[in-house]
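**Q** Got a structure here, written out as structure tokens. Questions coming.
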Amino acid sequence: MRQGPRVLKFFLPGLILMYKMEVTAEMENSSQKIPEGVWAKLREKGLSESDIKLSTVADLDFTGNPAEIWVIASDKRLLIIPQKGMHEEFDLQLEKIKKLRIRASIGSAYLQAKIDEFFIDIVRFTNGLRYKFSRFIVQLELLKQGKPVSDEYINEPHPMTCPVCGLPLQTERAVCPRCARQGPILFRVIVLLEPYLHWVIIVLILMFISVGLNLVPPKLTQILVDEVLTTRRHVDWLIWIVVALVSAELTRALINMVVGTLTTSVGTLITFDLRKRLFRKLQELSVDYYDQQSVGTLMTRFSSDVEAFHGFVTQAGQGFLLNLFLIAGIGLMLFFINARLAFYVLIPVPLVMFGTYFFWNRIYPMNFKLWDSQAKISRFLNIVLSGIRVVKAFAQEEKEIRRFESMAANLRDSNRRVGINVAKFNPMMTFLFSTGGLIVWYAGGKAVLENQGFTLGQLMAFLSYTSMFYAPLSQMALMSNWVSSFVTASHRIFEIFDTEPQLKDSPNAIRMPHIKGHIKFEHVTFGYDPYQPIIKDVSFEIEPGQLVGIVGKSGSGKTTLVNLICRFYDVQEGAIYIDGKDIRDISSYDLRRQIGLVLQEPFLFRASIAENILYGRPDATFKEILNASKAANCHDFIMKLPMGYDLYLREHGAGISGGEKQRIGIARALLCDPPILILDEATSSVDTESEKKIQDALAILCKNRTTIVVAHRLSTLKDADKILVVDNGRIVESGNHHQLMEKKGIYYRLVMMQLKLTSIETEVT
Amino acid sequence: MMEQEKIEKPEIVFLDPKKIKIFRGTFETIHVMLEDGSLYRGVFAVAAFPVTQPNKYISLFAYDEKDREFEIGMIEDIEQLPEESKKLIIEALKRQYFSFEILAINSIKFAYGLLFFDVETDKGPKQFSMRWETRYAYDFGGKGKILIDIFEDRYVIRDISKLSRMEQELFTRFIYW
């Protein structure tokens, strides 16, 4: 465990915004030395240093108390020796251990060994060590086989921590925000502005001129007072001074208009560009990223977070940079007129800086909370409004209203909290600035009265500059609120940009434009949680053009097999081959373009029926659309619709039945003519009549292509070349319908059960 | 037409505390023998309502020959068990559940998209980090919260109102749901 204080500085010219964050970085011990007490016991058991092949340490005893339990393996023995904590010593012969595994309990896990036909708990550890022990098992299996092993493999850093600095990460093997940051966030934002740099330079030049023009009126006022009004030395200058004042104001107004127009245009261009890049990045990310993110949260990133960039450019151009130049220009003028008085003007500045720093620390989590409340409401609305039929069917409207009210109240409180803090901060800062002005009145007034070479005109000019100096400084101080919101938003945007897709094509990915459809699973093991395999040591082979059914109970791993064929996830052990090539080496574009997938609930977009059918092959002709629809058995019902194929479907295809949606999904797959077609429970949620029509469509669809049908209704699979029966992540039976019926195993029982249910249904109807 | 068979309604098997034998086997395992003489080795216990009824409705599980978990049956109330058996079941429950109980919060910081906690627990001082999302901090009973860190270790605050005012303010500034 390592602790490291970290200070992040956000540096902006003229204003330093700094905040300190204590970051506890959890470091996995890269390796641990066996303590002397344990060595002594090992020696007692006749083992020397050269006998020890593997070692690691568990952190809990069986009752859940912190402990230090050593797990040590020699060529022939596995020893458990406690260093701290109550634990029995074990000395097991490796040959008697039939299997090792990790059993997850609630909040911790066990290393278990199968001895005498049942599993025993060997050691217990916190979840943070599960990764290490899963690797220990791999090494121990190798040791049993007499293969070389390594402690380094076991002690590799946990994928939830950065291998370089040990910082905990948000997702496994995510880019470390500390190591990968290309400088502070604001610097990265400026890098984003690069394509618009020429416009930024024009804005800067114009602002420079504008600031110069801002400095003219007080200077002219000084001349007006000292040379025209009090001494009357140059009375004829009055008109020219007024003309100069009007010209300066007018030019400044015109420049501000141009700057405003330019910054708005650049701001909108940047947000447009950012949205495009963000969407492209999201398309690149693997399915597992979406397993960890809610749609509502991502939607908020697209809407308000991206919009914050627009605000940044507008604010930076019209607020921040302008104020910064003003502060610099006016500051110079103040020191030029009277350096002593200028120092008085600076008295409140440290207080302002401290106030800003304090406010920043306070407002940052509040802004995050506000954003989170907004995201929650979006997410909630997205879910509840999509599932409004379920809500109404179960008469849960009142419950949902209450849930919404609670979330809205949360948003109200978060908003109010931010607002109240801003409201407290503003007057405080205004007061601080006014005290500086009063000091100038006193010290400057005294200098004028005592004739210390300081004229009334100079005092008037100085006061004008002072009021001009405080205004931008005040705005700059309040900008911490805006910067805080912006940094929060940009942090979330960069987080997406920094996320690397878990499944990336290798640089030498094999292009396979014409897949034949041969699929082979070789000892495949996979789990969404790597410690809990869903698919366990599965091997099977499918020849090109075969129709293969996958059956099994819910949760047995059928859909996971489909996900692996589509390479939505990578296997943890073993390999999947398509036409003899490892799926991980095939270009994912070629792979997915040649796999047609029809899901239980086909996703129809908010577009016309024709556009939905065309989705996978936008270049198809009208004739091809019609033929695909006819083959998919959906042509007849589409023709009965008032707008035919041009009927614009609403959200998720609302307005047409489940069976009709399914057939449109099949037409979509048929149009792509993929060499591999996967139907994942495609007929399980439709009525019998629709199922018959879909089955007729499928009979055509399956011809001349490898077809994998995941089905609950076994009647669909009578003609399959092969049926794989999946149970608890393993293929337990394999063969055609007749072979499996003769076997009288799980498949037989499932068929019998469905026959019974069908006969009951028939009797009822 | 197939011959009609009676479809039985599945029901929970409640184990009679007087008729089961619970005893310790080799390697600190727990074995259970039912009234009919069937023996289950390497048994583990799971509470159906671990927060509201931690000592009632305790399910006993074992593994079949294919290493699949299956439920042997349920004990309605462990108080009905003989003292020795009760001890073993309590031990089995301790083996099933693990969490750090937070007694005091020293600091919570937000950085790099994560919350960094520095806390005092029933098992000593701990630092952990968690994702700042509702699904990683959920209710524990009516008054507490369970926090899940990035490694899926669990940290329980049984009653937030028992924390000091400053700790509560700090905690609810981040975990406000």
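Please note that chains go A, B, ... in the order of the structure tokens, that every chain numbers its residues from 1, and that ligands are numbered from 1 in the order shown.
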Could you list, as a VMD selection string, the residues of chain A having an atom within 6 Å of chain B when counting only C-alpha atoms?
**A** chain A and resid 63 105 to 108 127 to 128
**Q** Mind writing the picked residues with N, CA and C atoms as a short mmCIF file (atom, residue, chain, number, x, y, z; two decimals), in the first residue's frame?
**A**
data_model
loop_
_atom_site.label_atom_id
_atom_site.label_comp_id
_atom_site.auth_asym_id
_atom_site.auth_seq_id
_atom_site.Cartn_x
_atom_site.Cartn_y
_atom_site.Cartn_z
N THR A 63 -12.52 -16.96 9.81
CA THR A 63 -13.61 -16.21 10.46
C THR A 63 -13.68 -14.77 9.98
N SER A 105 -17.44 -15.81 -2.02
CA SER A 105 -18.53 -15.67 -1.05
C SER A 105 -18.93 -14.20 -1.11
N ILE A 106 -19.73 -13.76 -0.17
CA ILE A 106 -20.16 -12.36 -0.22
C ILE A 106 -19.08 -11.49 0.42
N GLY A 107 -18.36 -10.74 -0.41
CA GLY A 107 -17.36 -9.81 0.11
C GLY A 107 -15.96 -10.39 0.24
N SER A 108 -15.81 -11.69 0.06
CA SER A 108 -14.46 -12.27 0.09
C SER A 108 -14.45 -13.49 -0.81
N ASN A 127 -11.43 -9.55 -1.76
CA ASN A 127 -11.61 -9.60 -3.22
C ASN A 127 -10.44 -9.00 -3.98
N GLY A 128 -9.74 -8.08 -3.32
CA GLY A 128 -8.58 -7.46 -3.98
C GLY A 128 -7.51 -8.48 -4.35
#
**Q** Hey, what does DSSP flag as strand (DSSP E or B) within region 44-175 of chain B? Can you give it to me as an MDAnalysis selection string?
**A** chainID B and resid 44:47 56:63 69:77 97 100:111 114:121 124:131 137:140 144:148 154:157
**Q** Give me, as a VMD selection string, all polymer residues having an atom no more than 12 Å from Phe49 (chain B), counting only C-alpha atoms and skipping those fewer than 4 positions away in the same chain.
**A** chain B and resid 53 to 59 76 to 77 140 to 141
**Q** Write down as a PyMOL selection string the residues of region 154-398 of chain A whose backbone DSSP state falls under alpha helix (DSSP H).
**A** chain A and resi 154+177-180+185-192+197-223+237-284+287-292+295-300+306-314+321-337+339-345+349-386+388-393+397-398
**Q** Which residue is closest to Asp36 (chain B)? Choose from B:Asp16, B:Leu60, B:Asp159, B:Arg24 and count only C-alpha atoms.
**A**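 Answer, going by the shortest atom-to-atom distance: B:Asp16.
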**Q** Taking 6 positions as the minimum chain separation for residues in the same chain, which residues sit within 12 Å of Tyr615 (chain A) when counting only C-alpha atoms? Answer as a list in words.
**A**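 With the cut-off at 12 Å, the set is Arg593, Gly596, Phe603, Leu604, Phe605, Arg606, Ala607, Ser608, Ile609, Ile625, Ile664, Gly665, Ile666, Ala667, Arg668, Ala669, Leu670, Leu671 and Cys672 of chain A.
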**Q** Store the residues picked out above in a file with N, CA, C and O atoms, as a PDB file, in the first residue's frame.
**A**
ATOM      1  N   ARG A 593     -19.180  -7.986 -40.233  1.00  0.00           N
ATOM      2  CA  ARG A 593     -19.935  -7.720 -41.461  1.00  0.00           C
ATOM      3  C   ARG A 593     -20.494  -9.031 -42.023  1.00  0.00           C
ATOM      4  O   ARG A 593     -21.494  -9.028 -42.734  1.00  0.00           O
ATOM      5  N   GLY A 596     -24.633 -12.373 -39.400  1.00  0.00           N
ATOM      6  CA  GLY A 596     -25.975 -11.783 -39.275  1.00  0.00           C
ATOM      7  C   GLY A 596     -26.513 -12.177 -37.920  1.00  0.00           C
ATOM      8  O   GLY A 596     -26.426 -13.341 -37.526  1.00  0.00           O
ATOM      9  N   PHE A 603     -33.854  -4.725 -32.616  1.00  0.00           N
ATOM     10  CA  PHE A 603     -33.854  -3.283 -32.359  1.00  0.00           C
ATOM     11  C   PHE A 603     -34.199  -2.552 -33.650  1.00  0.00           C
ATOM     12  O   PHE A 603     -33.457  -2.616 -34.623  1.00  0.00           O
ATOM     13  N   LEU A 604     -35.361  -1.908 -33.635  1.00  0.00           N
ATOM     14  CA  LEU A 604     -35.741  -1.133 -34.813  1.00  0.00           C
ATOM     15  C   LEU A 604     -35.514   0.335 -34.516  1.00  0.00           C
ATOM     16  O   LEU A 604     -35.843   0.828 -33.435  1.00  0.00           O
ATOM     17  N   PHE A 605     -34.938   1.027 -35.491  1.00  0.00           N
ATOM     18  CA  PHE A 605     -34.606   2.441 -35.289  1.00  0.00           C
ATOM     19  C   PHE A 605     -35.804   3.321 -35.654  1.00  0.00           C
ATOM     20  O   PHE A 605     -36.739   2.894 -36.330  1.00  0.00           O
ATOM     21  N   ARG A 606     -35.716   4.554 -35.229  1.00  0.00           N
ATOM     22  CA  ARG A 606     -36.734   5.534 -35.581  1.00  0.00           C
ATOM     23  C   ARG A 606     -36.488   5.942 -37.028  1.00  0.00           C
ATOM     24  O   ARG A 606     -35.789   6.918 -37.324  1.00  0.00           O
ATOM     25  N   ALA A 607     -37.014   5.143 -37.919  1.00  0.00           N
ATOM     26  CA  ALA A 607     -36.815   5.369 -39.361  1.00  0.00           C
ATOM     27  C   ALA A 607     -37.913   4.586 -40.084  1.00  0.00           C
ATOM     28  O   ALA A 607     -38.725   3.908 -39.441  1.00  0.00           O
ATOM     29  N   SER A 608     -37.932   4.676 -41.409  1.00  0.00           N
ATOM     30  CA  SER A 608     -38.967   3.939 -42.148  1.00  0.00           C
ATOM     31  C   SER A 608     -38.643   2.446 -42.113  1.00  0.00           C
ATOM     32  O   SER A 608     -37.499   2.053 -41.831  1.00  0.00           O
ATOM     33  N   ILE A 609     -39.656   1.620 -42.452  1.00  0.00           N
ATOM     34  CA  ILE A 609     -39.429   0.167 -42.474  1.00  0.00           C
ATOM     35  C   ILE A 609     -38.317  -0.152 -43.476  1.00  0.00           C
ATOM     36  O   ILE A 609     -37.412  -0.939 -43.196  1.00  0.00           O
ATOM     37  N   ILE A 625     -34.875  -5.298 -51.400  1.00  0.00           N
ATOM     38  CA  ILE A 625     -35.643  -5.102 -50.150  1.00  0.00           C
ATOM     39  C   ILE A 625     -36.927  -5.931 -50.219  1.00  0.00           C
ATOM     40  O   ILE A 625     -37.286  -6.651 -49.289  1.00  0.00           O
ATOM     41  N   ILE A 664     -39.164  -8.255 -39.612  1.00  0.00           N
ATOM     42  CA  ILE A 664     -38.392  -7.152 -40.223  1.00  0.00           C
ATOM     43  C   ILE A 664     -36.901  -7.355 -39.909  1.00  0.00           C
ATOM     44  O   ILE A 664     -36.033  -7.171 -40.762  1.00  0.00           O
ATOM     45  N   GLY A 665     -36.635  -7.786 -38.673  1.00  0.00           N
ATOM     46  CA  GLY A 665     -35.251  -8.060 -38.274  1.00  0.00           C
ATOM     47  C   GLY A 665     -34.655  -9.170 -39.137  1.00  0.00           C
ATOM     48  O   GLY A 665     -33.484  -9.107 -39.526  1.00  0.00           O
ATOM     49  N   ILE A 666     -35.467 -10.183 -39.442  1.00  0.00           N
ATOM     50  CA  ILE A 666     -34.975 -11.293 -40.272  1.00  0.00           C
ATOM     51  C   ILE A 666     -34.721 -10.793 -41.705  1.00  0.00           C
ATOM     52  O   ILE A 666     -33.714 -11.141 -42.317  1.00  0.00           O
ATOM     53  N   ALA A 667     -35.639  -9.953 -42.196  1.00  0.00           N
ATOM     54  CA  ALA A 667     -35.448  -9.393 -43.549  1.00  0.00           C
ATOM     55  C   ALA A 667     -34.141  -8.604 -43.600  1.00  0.00           C
ATOM     56  O   ALA A 667     -33.399  -8.668 -44.578  1.00  0.00           O
ATOM     57  N   ARG A 668     -33.868  -7.894 -42.530  1.00  0.00           N
ATOM     58  CA  ARG A 668     -32.620  -7.106 -42.454  1.00  0.00           C
ATOM     59  C   ARG A 668     -31.402  -8.031 -42.552  1.00  0.00           C
ATOM     60  O   ARG A 668     -30.458  -7.768 -43.297  1.00  0.00           O
ATOM     61  N   ALA A 669     -31.475  -9.152 -41.801  1.00  0.00           N
ATOM     62  CA  ALA A 669     -30.353 -10.105 -41.825  1.00  0.00           C
ATOM     63  C   ALA A 669     -30.247 -10.764 -43.196  1.00  0.00           C
ATOM     64  O   ALA A 669     -29.145 -10.966 -43.720  1.00  0.00           O
ATOM     65  N   LEU A 670     -31.394 -11.085 -43.763  1.00  0.00           N
ATOM     66  CA  LEU A 670     -31.425 -11.774 -45.061  1.00  0.00           C
ATOM     67  C   LEU A 670     -30.818 -10.907 -46.158  1.00  0.00           C
ATOM     68  O   LEU A 670     -30.129 -11.394 -47.049  1.00  0.00           O
ATOM     69  N   LEU A 671     -31.082  -9.618 -46.082  1.00  0.00           N
ATOM     70  CA  LEU A 671     -30.584  -8.686 -47.092  1.00  0.00           C
ATOM     71  C   LEU A 671     -29.050  -8.647 -47.093  1.00  0.00           C
ATOM     72  O   LEU A 671     -28.431  -8.475 -48.132  1.00  0.00           O
ATOM     73  N   CYS A 672     -28.462  -8.834 -45.909  1.00  0.00           N
ATOM     74  CA  CYS A 672     -26.989  -8.798 -45.807  1.00  0.00           C
ATOM     75  C   CYS A 672     -26.365 -10.065 -46.365  1.00  0.00           C
ATOM     76  O   CYS A 672     -25.181 -10.094 -46.666  1.00  0.00           O
TER      77      CYS A 672
END
